[in-house]
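work22.cif follows; it contains mmCIF, C-alpha atoms.
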```cif
data_my_file
loop_
_atom_site.label_atom_id
_atom_site.label_comp_id
_atom_site.auth_asym_id
_atom_site.auth_seq_id
_atom_site.Cartn_x
_atom_site.Cartn_y
_atom_site.Cartn_z
CA MET A 1 -5.21 15.99 -31.36
CA ALA A 2 -2.32 14.44 -33.28
CA SER A 3 -0.17 11.53 -32.11
CA PHE A 4 3.46 11.50 -33.19
CA GLY A 5 5.38 9.38 -30.71
CA ALA A 6 5.24 6.40 -28.35
CA LYS A 7 7.84 5.24 -25.83
CA ASN A 8 8.86 3.04 -22.94
CA PRO A 9 6.71 -0.12 -22.94
CA TYR A 10 6.93 -1.95 -19.61
CA PHE A 11 5.62 -5.37 -18.54
CA ALA A 12 5.20 -7.00 -15.12
CA PRO A 13 4.00 -10.57 -14.42
CA ILE A 14 0.87 -10.97 -12.31
CA LYS A 15 1.43 -12.36 -8.81
CA SER A 16 -2.21 -12.66 -7.78
CA GLU A 17 -5.66 -11.63 -8.98
CA PRO A 18 -7.92 -10.63 -6.07
CA GLU A 19 -11.66 -10.71 -6.61
CA VAL A 20 -13.22 -7.47 -7.87
CA GLU A 21 -9.81 -5.74 -7.87
CA LEU A 22 -6.89 -5.03 -10.17
CA PRO A 23 -4.09 -7.63 -10.33
CA VAL A 24 -1.11 -7.54 -7.97
CA TYR A 25 2.21 -7.65 -9.83
CA ASP A 26 5.38 -9.55 -9.04
CA GLY A 27 8.63 -7.62 -8.66
CA GLU A 28 9.89 -4.69 -10.70
CA PRO A 29 8.48 -4.14 -14.21
CA VAL A 30 10.82 -4.84 -17.14
CA ARG A 31 11.29 -2.56 -20.12
CA ILE A 32 10.39 -4.53 -23.26
CA GLY A 33 12.54 -2.44 -25.59
CA ARG A 34 12.41 0.85 -27.45
CA LEU A 35 8.92 1.15 -28.85
CA VAL A 36 8.46 1.27 -32.62
CA LYS A 37 4.68 0.95 -32.67
CA ALA A 38 1.74 -0.53 -30.77
CA ASP A 39 -1.48 -1.19 -32.69
CA LEU A 40 -4.63 -2.00 -30.70
CA THR A 41 -7.47 -4.02 -32.22
CA LEU A 42 -10.66 -4.53 -30.22
CA THR A 43 -13.29 -7.26 -30.29
CA MET A 44 -16.65 -5.96 -29.14
CA ALA A 45 -19.96 -7.72 -28.55
CA SER A 46 -22.91 -5.71 -29.76
CA GLY A 47 -26.66 -6.08 -29.86
CA LYS A 48 -29.59 -4.06 -31.18
CA LEU A 49 -33.31 -4.14 -30.53
CA TYR A 50 -35.73 -2.70 -33.07
CA ALA A 51 -39.29 -1.82 -32.10
CA ASP A 52 -41.98 0.05 -34.01
CA ASP A 53 -39.72 0.05 -37.08
CA GLU A 54 -36.90 1.92 -35.32
CA LEU A 55 -33.85 1.26 -33.15
CA ALA A 56 -35.11 1.07 -29.57
CA GLU A 57 -32.06 -0.22 -27.68
CA SER A 58 -28.40 -0.91 -28.44
CA ALA A 59 -25.46 -2.16 -26.41
CA GLU A 60 -21.78 -2.71 -27.03
CA GLU A 61 -19.38 -4.42 -24.62
CA PHE A 62 -15.66 -5.14 -24.57
CA VAL A 63 -14.79 -8.80 -25.19
CA SER A 64 -11.03 -8.77 -25.78
CA GLY A 65 -8.27 -6.87 -27.49
CA SER A 66 -4.99 -7.45 -29.27
CA ILE A 67 -1.92 -5.21 -29.23
CA ALA A 68 0.56 -5.83 -32.05
CA MET A 69 3.76 -4.33 -30.65
CA GLU A 70 7.12 -3.78 -32.34
CA THR A 71 10.28 -2.83 -30.49
CA ASP A 72 13.83 -2.29 -31.69
CA ASP A 73 15.00 -5.32 -29.69
CA ILE A 74 14.09 -7.61 -26.79
CA LEU A 75 16.87 -8.74 -24.46
CA ASP A 76 16.96 -12.46 -23.69
CA THR A 77 16.39 -11.85 -19.99
CA VAL A 78 13.31 -9.76 -20.80
CA ALA A 79 12.02 -12.35 -23.29
CA SER A 80 12.16 -15.01 -20.60
CA VAL A 81 9.88 -12.91 -18.39
CA ILE A 82 7.38 -12.07 -21.13
CA TYR A 83 7.23 -15.41 -22.97
CA GLY A 84 7.86 -17.79 -20.08
CA ALA A 85 11.05 -19.20 -21.62
CA THR A 86 13.81 -20.73 -19.47
CA VAL A 87 17.21 -19.10 -18.98
CA LYS A 88 20.13 -21.51 -18.53
CA GLU A 89 23.27 -19.46 -17.88
CA LYS A 90 23.52 -17.43 -21.12
CA THR A 91 21.10 -19.57 -23.11
CA VAL A 92 17.37 -18.92 -23.43
CA VAL A 93 15.45 -22.12 -24.11
CA TYR A 94 12.05 -21.95 -25.81
CA ASN A 95 10.00 -25.10 -25.25
CA THR A 96 6.61 -26.31 -26.45
CA SER A 97 5.49 -26.40 -22.82
CA ASP A 98 6.27 -22.71 -22.25
CA ASN A 99 3.29 -20.84 -20.84
CA PRO A 100 3.63 -17.04 -21.06
CA PRO A 101 2.52 -15.50 -17.77
CA PRO A 102 -0.36 -13.02 -17.65
CA GLY A 103 0.85 -9.58 -16.73
CA GLY A 104 0.32 -5.86 -16.91
CA LEU A 105 1.45 -3.68 -19.83
CA ALA A 106 1.98 0.08 -19.89
CA TYR A 107 3.51 2.72 -22.17
CA TYR A 108 2.86 6.32 -23.17
CA LYS A 109 2.21 8.32 -26.33
CA LYS A 110 3.22 11.85 -27.26
CA LEU A 111 0.37 14.02 -28.52
CA MET A 112 0.00 17.53 -29.88
CA ARG A 113 -3.18 19.32 -28.82
CA ARG A 114 -3.74 22.92 -29.90
CA GLY A 115 -0.01 23.49 -30.10
CA ASN A 116 0.73 21.99 -26.68
CA LEU A 117 2.56 18.75 -25.96
CA VAL A 118 0.61 16.15 -24.02
CA PHE A 119 1.94 12.80 -22.80
CA LYS A 120 -0.77 10.16 -22.48
CA GLY A 121 -0.16 6.99 -20.51
CA TYR A 122 -1.82 3.67 -21.35
CA TYR A 123 -2.10 0.87 -18.81
CA TYR A 124 -3.54 -2.57 -19.58
CA PRO A 125 -4.05 -4.48 -16.28
CA ARG A 126 -4.14 -7.96 -17.83
CA VAL A 127 -2.41 -9.11 -21.01
CA LYS A 128 -0.73 -12.26 -22.27
CA ALA A 129 2.12 -12.30 -24.79
CA ALA A 130 2.63 -14.41 -27.88
CA LEU A 131 6.01 -14.62 -29.59
CA GLY A 132 6.04 -12.86 -32.95
CA ASN A 133 7.62 -13.87 -36.24
CA ASP A 134 11.36 -13.47 -36.79
CA THR A 135 13.19 -12.73 -40.02
CA ALA A 136 16.85 -12.70 -41.02
CA GLN A 137 18.20 -10.90 -44.05
CA THR A 138 21.66 -10.81 -45.59
CA LYS A 139 23.52 -7.56 -45.97
CA ALA A 140 22.90 -5.75 -49.28
CA ASP A 141 23.66 -2.34 -50.80
CA SER A 142 20.98 -0.75 -48.61
CA ILE A 143 20.35 -1.07 -44.89
CA THR A 144 17.09 -2.55 -43.64
CA PHE A 145 16.54 -2.52 -39.90
CA GLY A 146 14.77 -5.45 -38.28
CA THR A 147 12.44 -5.21 -35.29
CA SER A 148 11.07 -7.56 -32.64
CA SER A 149 7.34 -8.21 -32.67
CA THR A 150 5.07 -9.39 -29.85
CA THR A 151 1.31 -9.75 -29.81
CA PHE A 152 -0.41 -9.12 -26.49
CA THR A 153 -3.92 -10.42 -25.94
CA VAL A 154 -5.84 -7.98 -23.74
CA SER A 155 -8.48 -9.22 -21.31
CA ASN A 156 -10.29 -7.53 -18.44
CA ALA A 157 -9.18 -7.72 -14.83
CA ASN A 158 -11.44 -9.19 -12.13
CA ASN A 159 -12.96 -5.77 -11.51
CA GLY A 160 -13.91 -5.39 -15.18
CA ASP A 161 -11.18 -2.87 -16.09
CA TRP A 162 -9.28 -3.53 -19.31
CA ARG A 163 -7.51 -0.20 -19.80
CA HIS A 164 -6.60 2.94 -17.85
CA THR A 165 -5.33 6.18 -19.44
CA GLU A 166 -4.01 9.37 -17.92
CA GLU A 167 -2.56 12.57 -19.39
CA PHE A 168 0.54 14.44 -18.21
CA GLU A 169 2.26 17.71 -18.97
CA THR A 170 5.78 16.25 -18.82
CA GLU A 171 7.41 13.11 -20.17
CA GLU A 172 9.02 12.43 -16.80
CA ALA A 173 5.62 12.29 -15.12
CA ALA A 174 4.27 9.96 -17.82
CA LEU A 175 7.19 7.56 -17.42
CA ALA A 176 6.85 7.56 -13.63
CA TRP A 177 3.14 6.73 -14.00
CA VAL A 178 3.87 3.87 -16.43
CA LYS A 179 6.27 2.27 -13.96
CA SER A 180 4.07 2.91 -10.93
CA MET A 181 0.97 1.31 -12.46
CA LEU A 182 2.83 -2.00 -12.64
CA THR A 183 3.53 -2.08 -8.92
CA SER A 184 1.21 -3.40 -6.21
CA VAL A 185 1.16 -0.01 -4.42
CA ALA A 186 -0.34 1.80 -7.42
CA VAL A 187 -2.84 -0.98 -8.03
CA GLU A 188 -4.02 -0.87 -4.41
CA ALA A 189 -4.42 2.90 -4.66
CA ALA A 190 -6.43 2.61 -7.88
CA SER A 191 -8.67 -0.05 -6.37
CA ALA A 192 -9.23 2.10 -3.28
CA ALA A 193 -10.13 5.11 -5.44
CA ARG A 194 -12.59 3.02 -7.44
CA ALA A 195 -14.24 1.75 -4.25
CA ALA A 196 -14.50 5.28 -2.86
CA ASN A 197 -16.24 6.52 -6.01
CA ALA A 198 -18.45 3.47 -6.57
CA SER A 199 -21.40 5.06 -4.79
CA THR A 200 -21.33 8.08 -7.13
CA GLY A 201 -21.05 6.01 -10.28
CA GLU A 202 -17.81 7.79 -11.25
CA LYS A 203 -15.12 5.78 -13.04
CA VAL A 204 -11.53 6.45 -12.07
CA GLY A 205 -8.72 6.49 -14.62
CA VAL A 206 -10.40 4.27 -17.24
#
```

Encoding of this model in structure tokens:
Amino acid sequence: MASFGAKNPYFAPIKSEPEVELPVYDGEPVRIGRLVKADLTLTMASGKLYADDELAESAEEFVSGSIAMETDDILDTVASVIYGATVKEKTVVYNTSDNPPPGGLAYYKKLMRRGNLVFKGYYYPRVKAALGNDTAQTKADSITFGTSSTTFTVSNANNGDWRHTEEFETEEAALAWVKSMLTSVAVEAASAARAANASTGEKVGV
């Protein structure tokens, strides 16, 4: 499997976080920008038990994650949603008291598997954004394009989920899934599916 593309990152603020369920999101998700890259780094807790001079038990659990995302641009209206800044007419005001809201993040990647295109969606139920660094550069004899960077801290939802993935045959289906996962209807459906399969021990869409 080879990855050679990623597109359409969307974010939606969390409205509420029911116990033992996925979050409920507020309003329509916003498109962050055109995706340049998204690099995930995980922090895992691990432990090992040795007995009789050999490894007897081992465990590894998710603690948190960090997604370093670059997009071609972030509109001011979108930045206000992601970073918690204040919009005053056409001015976006960033203040020391700004508190970026927790929200859901989703996008999809384009993969090649045995000669066939596959579109794989990624949904993170609970993330929190941090404003990235900004640079300005004067015009020279060569063109250097700048990008917008945002770091999302990934944490688990109240039901323990920290990521869902799903594969699709078409890009249209992948995009529809990305948008739908950041609506309350999709979240309720996912929670219902998880509850229905809890007795069998089967995990749904993780």

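Applied to the file shown here, the PyMOL selection byres ((chain A and resi 58) around 12) selects Ala45, Ser46, Gly47, Lys48, Leu49, Tyr50, Ala51, Glu54, Leu55, Ala56, Glu57, Ala59, Glu60 and Glu61 of chain A.
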
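When the PyMOL selection byres ((chain A and resi 110) around 10) is evaluated on the file shown here, the picked residues come out as Ala2, Ser3, Phe4, Gly5, Ala6, Lys7, Tyr108, Lys109, Leu111, Met112, Arg113, Leu117, Val118, Phe119, Lys120, Gly121, Glu167, Phe168, Thr170, Glu171 and Ala174 of chain A.
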
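Selection around (-8.1, -6.2, -29.2) with radius 7 Å, counting all atoms listed in the file, yields the residues Leu40, Thr41, Leu42, Thr43, Ser64, Gly65, Ser66, Ile67, Thr153 and Val154 of chain A.
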
Let me know the residues the PyMOL selection byres ((chain A and resi 14) around 6) catches in the file above, as a PDB file with C-alpha atoms, in the coordinates of the input.
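Result saved to out37.pdb:
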```
ATOM      1  CA  PRO A  13       4.000 -10.570 -14.420  1.00  0.00           C
ATOM      2  CA  LYS A  15       1.430 -12.360  -8.810  1.00  0.00           C
ATOM      3  CA  SER A  16      -2.210 -12.660  -7.780  1.00  0.00           C
ATOM      4  CA  VAL A  24      -1.110  -7.540  -7.970  1.00  0.00           C
ATOM      5  CA  TYR A  25       2.210  -7.650  -9.830  1.00  0.00           C
ATOM      6  CA  ASP A  26       5.380  -9.550  -9.040  1.00  0.00           C
ATOM      7  CA  PRO A 102      -0.360 -13.020 -17.650  1.00  0.00           C
ATOM      8  CA  GLY A 103       0.850  -9.580 -16.730  1.00  0.00           C
TER       9      GLY A 103
END
```

At a cut-off of 9 Å, using all atoms listed in the file, what residues contact A:Ala12? Leave out same-chain residues fewer than 5 positions from it and give the result as JSON, numbers by chain. {"A": [25, 26, 27, 28, 29, 30, 81, 82, 102, 103, 104, 105, 182, 183]}

In terms of all atoms listed in the file, the residue from A:Val63, A:Ala173, A:Asp76, A:Thr71 at minimal distance from A:Lys88 is A:Asp76

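Around the coordinate (1.3, -9.2, -25.9), residues that reach within 6 Å when counting all atoms listed in the file are Lys128, Ala129, Ala130, Thr150, Thr151, Phe152 and Thr153 of chain A.
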
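For the choices A:Gly84, A:Trp177, A:Thr96, A:Asn159, the atom-to-atom distance to A:Tyr122 is smallest for A:Trp177 when using all atoms listed in the file.
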
So that I can check the surroundings of A:Thr91, please list as a ChimeraX atom specification every protein, DNA and RNA residue that reaches within 12 Å of it, counting only C-alpha atoms and ignoring chain neighbours fewer than 3 positions away. /A:75-77,79-80,85-88,94

Would you put the residues from that selection into a file with C-alpha atoms, as a JSON list (two decimals), in the coordinates of the input?
```json
[["chain", "number", "residue", "atom", "x", "y", "z"],
["A", 75, "LEU", "CA", 16.87, -8.74, -24.46],
["A", 76, "ASP", "CA", 16.96, -12.46, -23.69],
["A", 77, "THR", "CA", 16.39, -11.85, -19.99],
["A", 79, "ALA", "CA", 12.02, -12.35, -23.29],
["A", 80, "SER", "CA", 12.16, -15.01, -20.60],
["A", 85, "ALA", "CA", 11.05, -19.20, -21.62],
["A", 86, "THR", "CA", 13.81, -20.73, -19.47],
["A", 87, "VAL", "CA", 17.21, -19.10, -18.98],
["A", 88, "LYS", "CA", 20.13, -21.51, -18.53],
["A", 94, "TYR", "CA", 12.05, -21.95, -25.81]]
```

From the list A:Ile32, A:Ala38, A:Val127, A:Met181, the nearest residue to A:Pro101 using all atoms listed in the file is A:Val127

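Going from atom CA of A:Ala157 over to atom CA of A:Phe62, you cover 12.0 Å.
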